[in-house]
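Below is the file data_31.cif, which contains mmCIF, C-alpha atoms.
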```cif
data_upload
#
loop_
_atom_site.group_PDB
_atom_site.id
_atom_site.type_symbol
_atom_site.label_atom_id
_atom_site.label_comp_id
_atom_site.auth_asym_id
_atom_site.auth_seq_id
_atom_site.Cartn_x
_atom_site.Cartn_y
_atom_site.Cartn_z
ATOM 1 C CA MET A 1 -20.970 -30.009 0.745
ATOM 2 C CA THR A 2 -22.336 -31.062 4.128
ATOM 3 C CA SER A 3 -23.094 -28.527 6.857
ATOM 4 C CA GLY A 4 -20.344 -30.095 8.973
ATOM 5 C CA LYS A 5 -17.780 -29.493 6.246
ATOM 6 C CA VAL A 6 -18.986 -25.894 5.780
ATOM 7 C CA LEU A 7 -18.579 -25.271 9.535
ATOM 8 C CA PHE A 8 -15.122 -26.859 9.466
ATOM 9 C CA LEU A 9 -14.062 -24.647 6.541
ATOM 10 C CA ALA A 10 -15.560 -21.556 8.195
ATOM 11 C CA ARG A 11 -13.528 -22.234 11.359
ATOM 12 C CA LYS A 12 -10.364 -22.691 9.282
ATOM 13 C CA VAL A 13 -10.997 -19.381 7.486
ATOM 14 C CA GLN A 14 -11.617 -17.624 10.804
ATOM 15 C CA LYS A 15 -8.409 -19.062 12.314
ATOM 16 C CA SER A 16 -6.433 -18.005 9.260
ATOM 17 C CA LEU A 17 -7.853 -14.483 9.363
ATOM 18 C CA GLU A 18 -6.883 -14.215 13.029
ATOM 19 C CA LYS A 19 -3.397 -15.472 12.183
ATOM 20 C CA LEU A 20 -3.152 -12.999 9.304
ATOM 21 C CA ARG A 21 -4.209 -10.058 11.472
ATOM 22 C CA ASN A 22 -1.315 -10.835 13.795
ATOM 23 C CA GLN A 23 1.244 -10.694 10.981
ATOM 24 C CA ASP A 24 3.263 -7.692 9.828
ATOM 25 C CA GLY A 25 2.123 -6.216 6.547
ATOM 26 C CA TYR A 26 -1.577 -6.939 7.086
ATOM 27 C CA ARG A 27 -2.659 -4.240 4.652
ATOM 28 C CA ALA A 28 -0.243 -5.423 2.011
ATOM 29 C CA SER A 29 -0.691 -9.122 2.049
ATOM 30 C CA CYS A 30 -4.275 -9.704 3.100
ATOM 31 C CA SER A 31 -5.837 -10.244 -0.315
ATOM 32 C CA THR A 32 -2.848 -12.153 -1.699
ATOM 33 C CA VAL A 33 -2.709 -14.470 1.289
ATOM 34 C CA LEU A 34 -6.439 -15.088 1.350
ATOM 35 C CA PHE A 35 -6.565 -15.824 -2.358
ATOM 36 C CA LEU A 36 -3.671 -18.295 -2.286
ATOM 37 C CA TRP A 37 -4.798 -19.895 0.953
ATOM 38 C CA GLN A 38 -8.383 -20.302 -0.332
ATOM 39 C CA VAL A 39 -7.119 -21.927 -3.531
ATOM 40 C CA ALA A 40 -5.031 -24.343 -1.445
ATOM 41 C CA LEU A 41 -7.912 -25.055 0.930
ATOM 42 C CA LEU A 42 -10.566 -25.527 -1.733
ATOM 43 C CA SER A 43 -8.306 -27.728 -3.824
ATOM 44 C CA GLY A 44 -7.996 -30.095 -0.873
ATOM 45 C CA ALA A 45 -4.359 -29.329 -0.075
ATOM 46 C CA ASP A 46 -2.992 -30.667 3.184
ATOM 47 C CA ASP A 47 -2.072 -28.360 6.075
ATOM 48 C CA ASP A 48 1.590 -28.154 5.014
ATOM 49 C CA LEU A 49 0.718 -26.966 1.505
ATOM 50 C CA GLN A 50 -1.810 -24.523 2.918
ATOM 51 C CA GLU A 51 0.954 -23.091 5.125
ATOM 52 C CA VAL A 52 3.287 -22.790 2.110
ATOM 53 C CA ALA A 53 0.547 -20.932 0.211
ATOM 54 C CA PHE A 54 -0.086 -18.692 3.220
ATOM 55 C CA GLN A 55 3.612 -17.823 3.724
ATOM 56 C CA TYR A 56 4.283 -17.346 0.012
ATOM 57 C CA GLY A 57 1.268 -15.033 -0.317
ATOM 58 C CA ARG A 58 2.195 -13.122 2.826
ATOM 59 C CA ASN A 59 5.728 -12.455 1.633
ATOM 60 C CA VAL A 60 4.772 -11.591 -1.948
ATOM 61 C CA GLY A 61 1.998 -9.302 -0.668
ATOM 62 C CA ILE A 62 4.335 -7.452 1.692
ATOM 63 C CA ALA A 63 6.986 -7.118 -1.031
ATOM 64 C CA PHE A 64 4.360 -5.769 -3.433
ATOM 65 C CA GLN A 65 3.238 -3.142 -0.920
ATOM 66 C CA LEU A 66 6.822 -2.122 -0.098
ATOM 67 C CA LEU A 67 7.605 -1.684 -3.784
ATOM 68 C CA ASP A 68 4.379 0.236 -4.314
ATOM 69 C CA ASP A 69 5.443 2.549 -1.479
ATOM 70 C CA LEU A 70 8.877 2.955 -3.086
ATOM 71 C CA LEU A 71 7.429 3.685 -6.536
ATOM 72 C CA ASP A 72 5.257 6.371 -4.960
ATOM 73 C CA PHE A 73 8.514 8.317 -4.456
ATOM 74 C CA VAL A 74 10.384 7.552 -7.676
ATOM 75 C CA ALA A 75 7.863 7.178 -10.495
ATOM 76 C CA SER A 76 5.854 9.886 -12.204
ATOM 77 C CA SER A 77 2.064 10.061 -12.067
ATOM 78 C CA ASN A 78 1.943 9.586 -15.846
ATOM 79 C CA HIS A 79 4.089 6.459 -15.669
ATOM 80 C CA MET A 80 2.184 4.979 -12.732
ATOM 81 C CA GLY A 81 -1.235 5.828 -14.137
ATOM 82 C CA LYS A 82 -2.237 7.174 -10.717
ATOM 83 C CA PRO A 83 -1.232 10.098 -8.505
ATOM 84 C CA THR A 84 2.105 9.742 -6.734
ATOM 85 C CA VAL A 85 3.026 10.779 -3.188
ATOM 86 C CA ILE A 86 -0.632 10.117 -2.396
ATOM 87 C CA ASP A 87 0.154 8.314 0.871
ATOM 88 C CA LEU A 88 1.964 11.368 2.245
ATOM 89 C CA LYS A 89 -0.871 13.617 1.130
ATOM 90 C CA MET A 90 -3.288 11.291 2.959
ATOM 91 C CA GLY A 91 -1.138 11.501 6.091
ATOM 92 C CA LEU A 92 0.341 8.011 5.870
ATOM 93 C CA ALA A 93 3.961 7.239 6.725
ATOM 94 C CA THR A 94 5.056 4.334 4.556
ATOM 95 C CA ALA A 95 8.280 2.307 4.736
ATOM 96 C CA PRO A 96 10.515 4.839 2.907
ATOM 97 C CA VAL A 97 9.426 7.576 5.334
ATOM 98 C CA LEU A 98 9.886 5.382 8.396
ATOM 99 C CA PHE A 99 13.373 4.387 7.266
ATOM 100 C CA ALA A 100 14.187 8.046 6.532
ATOM 101 C CA CYS A 101 13.367 8.859 10.181
ATOM 102 C CA GLU A 102 16.624 7.190 11.178
ATOM 103 C CA LYS A 103 18.593 9.943 9.425
ATOM 104 C CA PHE A 104 16.028 12.725 9.796
ATOM 105 C CA PRO A 105 14.296 12.484 13.187
ATOM 106 C CA GLU A 106 12.518 15.746 12.403
ATOM 107 C CA LEU A 107 10.157 13.556 10.361
ATOM 108 C CA ASN A 108 8.686 12.144 13.584
ATOM 109 C CA PRO A 109 6.602 15.230 14.462
ATOM 110 C CA MET A 110 5.420 15.424 10.825
ATOM 111 C CA ILE A 111 4.296 11.803 11.035
ATOM 112 C CA MET A 112 2.486 12.477 14.307
ATOM 113 C CA ARG A 113 0.570 15.388 12.759
ATOM 114 C CA ARG A 114 -0.011 13.310 9.599
ATOM 115 C CA PHE A 115 1.857 15.737 7.317
ATOM 116 C CA GLN A 116 -0.894 18.342 7.774
ATOM 117 C CA GLU A 117 1.186 21.515 8.177
ATOM 118 C CA PRO A 118 2.094 23.491 5.063
ATOM 119 C CA GLY A 119 5.319 22.147 3.562
ATOM 120 C CA ASP A 120 5.251 18.811 5.456
ATOM 121 C CA VAL A 121 4.637 16.685 2.372
ATOM 122 C CA GLN A 122 7.422 18.373 0.391
ATOM 123 C CA LYS A 123 9.899 18.209 3.298
ATOM 124 C CA ALA A 124 9.129 14.551 3.929
ATOM 125 C CA PHE A 125 9.542 13.804 0.215
ATOM 126 C CA GLU A 126 12.941 15.533 0.201
ATOM 127 C CA PHE A 127 14.076 13.771 3.401
ATOM 128 C CA VAL A 128 13.185 10.393 1.907
ATOM 129 C CA HIS A 129 15.310 11.171 -1.160
ATOM 130 C CA LYS A 130 18.230 12.435 0.963
ATOM 131 C CA SER A 131 18.194 9.328 3.150
ATOM 132 C CA ASP A 132 18.654 5.668 2.335
ATOM 133 C CA GLY A 133 14.940 5.017 2.953
ATOM 134 C CA LEU A 134 14.307 3.994 -0.636
ATOM 135 C CA GLU A 135 17.260 1.588 -0.652
ATOM 136 C CA GLN A 136 16.210 0.089 2.683
ATOM 137 C CA THR A 137 12.674 -0.367 1.379
ATOM 138 C CA GLN A 138 13.994 -2.100 -1.755
ATOM 139 C CA PHE A 139 16.223 -4.311 0.421
ATOM 140 C CA LEU A 140 13.302 -5.299 2.653
ATOM 141 C CA ALA A 141 11.139 -6.088 -0.389
ATOM 142 C CA ARG A 142 13.953 -8.294 -1.715
ATOM 143 C CA GLN A 143 14.141 -10.109 1.627
ATOM 144 C CA HIS A 144 10.418 -10.872 1.452
ATOM 145 C CA CYS A 145 10.742 -12.099 -2.143
ATOM 146 C CA ASP A 146 13.700 -14.274 -1.128
ATOM 147 C CA GLU A 147 11.617 -15.723 1.708
ATOM 148 C CA ALA A 148 8.736 -16.403 -0.707
ATOM 149 C CA VAL A 149 11.160 -18.244 -2.996
ATOM 150 C CA ARG A 150 12.575 -20.188 -0.038
ATOM 151 C CA VAL A 151 9.090 -21.256 1.041
ATOM 152 C CA ILE A 152 7.928 -22.236 -2.429
ATOM 153 C CA SER A 153 11.205 -24.081 -3.049
ATOM 154 C CA SER A 154 10.143 -26.597 -0.395
ATOM 155 C CA LEU A 155 7.713 -27.957 -2.972
ATOM 156 C CA LYS A 156 8.552 -30.515 -5.616
ATOM 157 C CA PRO A 157 10.049 -28.799 -8.690
ATOM 158 C CA SER A 158 7.338 -28.106 -11.285
ATOM 159 C CA ILE A 159 6.242 -25.624 -13.907
ATOM 160 C CA GLU A 160 3.928 -24.050 -11.319
ATOM 161 C CA GLN A 161 6.732 -23.688 -8.789
ATOM 162 C CA LYS A 162 8.937 -22.060 -11.425
ATOM 163 C CA ALA A 163 6.102 -19.654 -12.325
ATOM 164 C CA LEU A 164 5.690 -18.644 -8.666
ATOM 165 C CA ILE A 165 9.425 -17.998 -8.412
ATOM 166 C CA THR A 166 9.288 -15.939 -11.627
ATOM 167 C CA ILE A 167 6.548 -13.787 -10.087
ATOM 168 C CA THR A 168 8.956 -12.663 -7.367
ATOM 169 C CA ASP A 169 11.540 -11.652 -9.967
ATOM 170 C CA LYS A 170 8.972 -9.713 -12.002
ATOM 171 C CA LEU A 171 7.744 -8.077 -8.809
ATOM 172 C CA LEU A 172 11.231 -6.875 -7.864
ATOM 173 C CA ASN A 173 11.726 -5.448 -11.357
ATOM 174 C CA ARG A 174 8.347 -3.738 -11.746
ATOM 175 C CA SER A 175 8.305 -0.079 -12.655
ATOM 176 C CA LYS A 176 4.618 0.608 -12.064
#
```

Any chance you could give the structure as structure tokens?
Amino acid sequence: MTSGKVLFLARKVQKSLEKLRNQDGYRASCSTVLFLWQVALLSGADDDLQEVAFQYGRNVGIAFQLLDDLLDFVASSNHMGKPTVIDLKMGLATAPVLFACEKFPELNPMIMRRFQEPGDVQKAFEFVHKSDGLEQTQFLARQHCDEAVRVISSLKPSIEQKALITITDKLLNRSK
């Protein structure tokens, strides 16, 4: 590879990282987007296919994170193979908590103090379960999966396209 091509690719990576940082769900989709975009770039895909890979990865990554946040409230530690409610214990307000704020505004001060007062984690957990925060999180994850399918459906039908669509279905039905 010539030094000119390396510089060109480096600039494209930098532009894509800047674009990614300006998107919602940065934490969730970063690695998925970068992986899919790099595969598209290194395989010589044109700009349109690179954009499809970027948008598909972004939406699948966000959906994955939303569902991970949801499972943190509904699955057991044994089933998940990792501690649950860990985000709350670390002081993080994830999608289910933020949606629960609509019904329980008393969550807002807990979020601001990062669930540090005694009983905050348990109260927040209960408020999430008494609200429709889990359902709204599931709905939002489904919207992102639907968008990923819409984007990937712009490609010519193929076994690979079908596999990418199947991933979104498996993602929506994951239990850990």

- request: Check which residues satisfy the PyMOL selection byres ((chain A and resi 167) around 12) in the file shown, then give them as a VMD selection string.
  value: chain A and resid 56 to 57 59 to 61 63 to 64 145 to 146 148 to 149 152 160 to 166 168 to 174

message: To one decimal place in Å, what is the distance between atom CA of Val85 of chain A and atom CA of Lys123 of chain A?
response: 12.0 Å

task: Work out how far apart atom CA of Gln65 of chain A and atom CA of Phe104 of chain A are and give it in Å to one decimal.
output: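 Value for the atom CA of Gln65 of chain A-atom CA of Phe104 of chain A distance: 23.0 Å.
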
Work out where the centre of an axis-aligned box around every listed atom of segment 102-114 of chain A lies and how long its edges are once 6 Å is added on each side; give both in Å to one decimal as lines of an AutoDock Vina configuration file.
```
center_x = 9.3
center_y = 11.5
center_z = 11.9
size_x = 30.6
size_y = 20.6
size_z = 17.0
```

query: Can you list what the PyMOL selection byres ((chain A and resi 132) around 12) grabs from this structure, as a list in words?
result: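 The output of the PyMOL selection byres ((chain A and resi 132) around 12) on this file is Leu70, Ala95, Pro96, Val97, Leu98, Phe99, Ala100, Cys101, Glu102, Lys103, Phe104, Glu126, Phe127, Val128, His129, Lys130, Ser131, Gly133, Leu134, Glu135, Gln136, Thr137, Gln138 and Phe139 of chain A.
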
- request: Give me, please, the distance in Å between atom CA of Thr84 of chain A and atom CA of Phe125 of chain A, quoted to one decimal.
  value: 11.0 Å
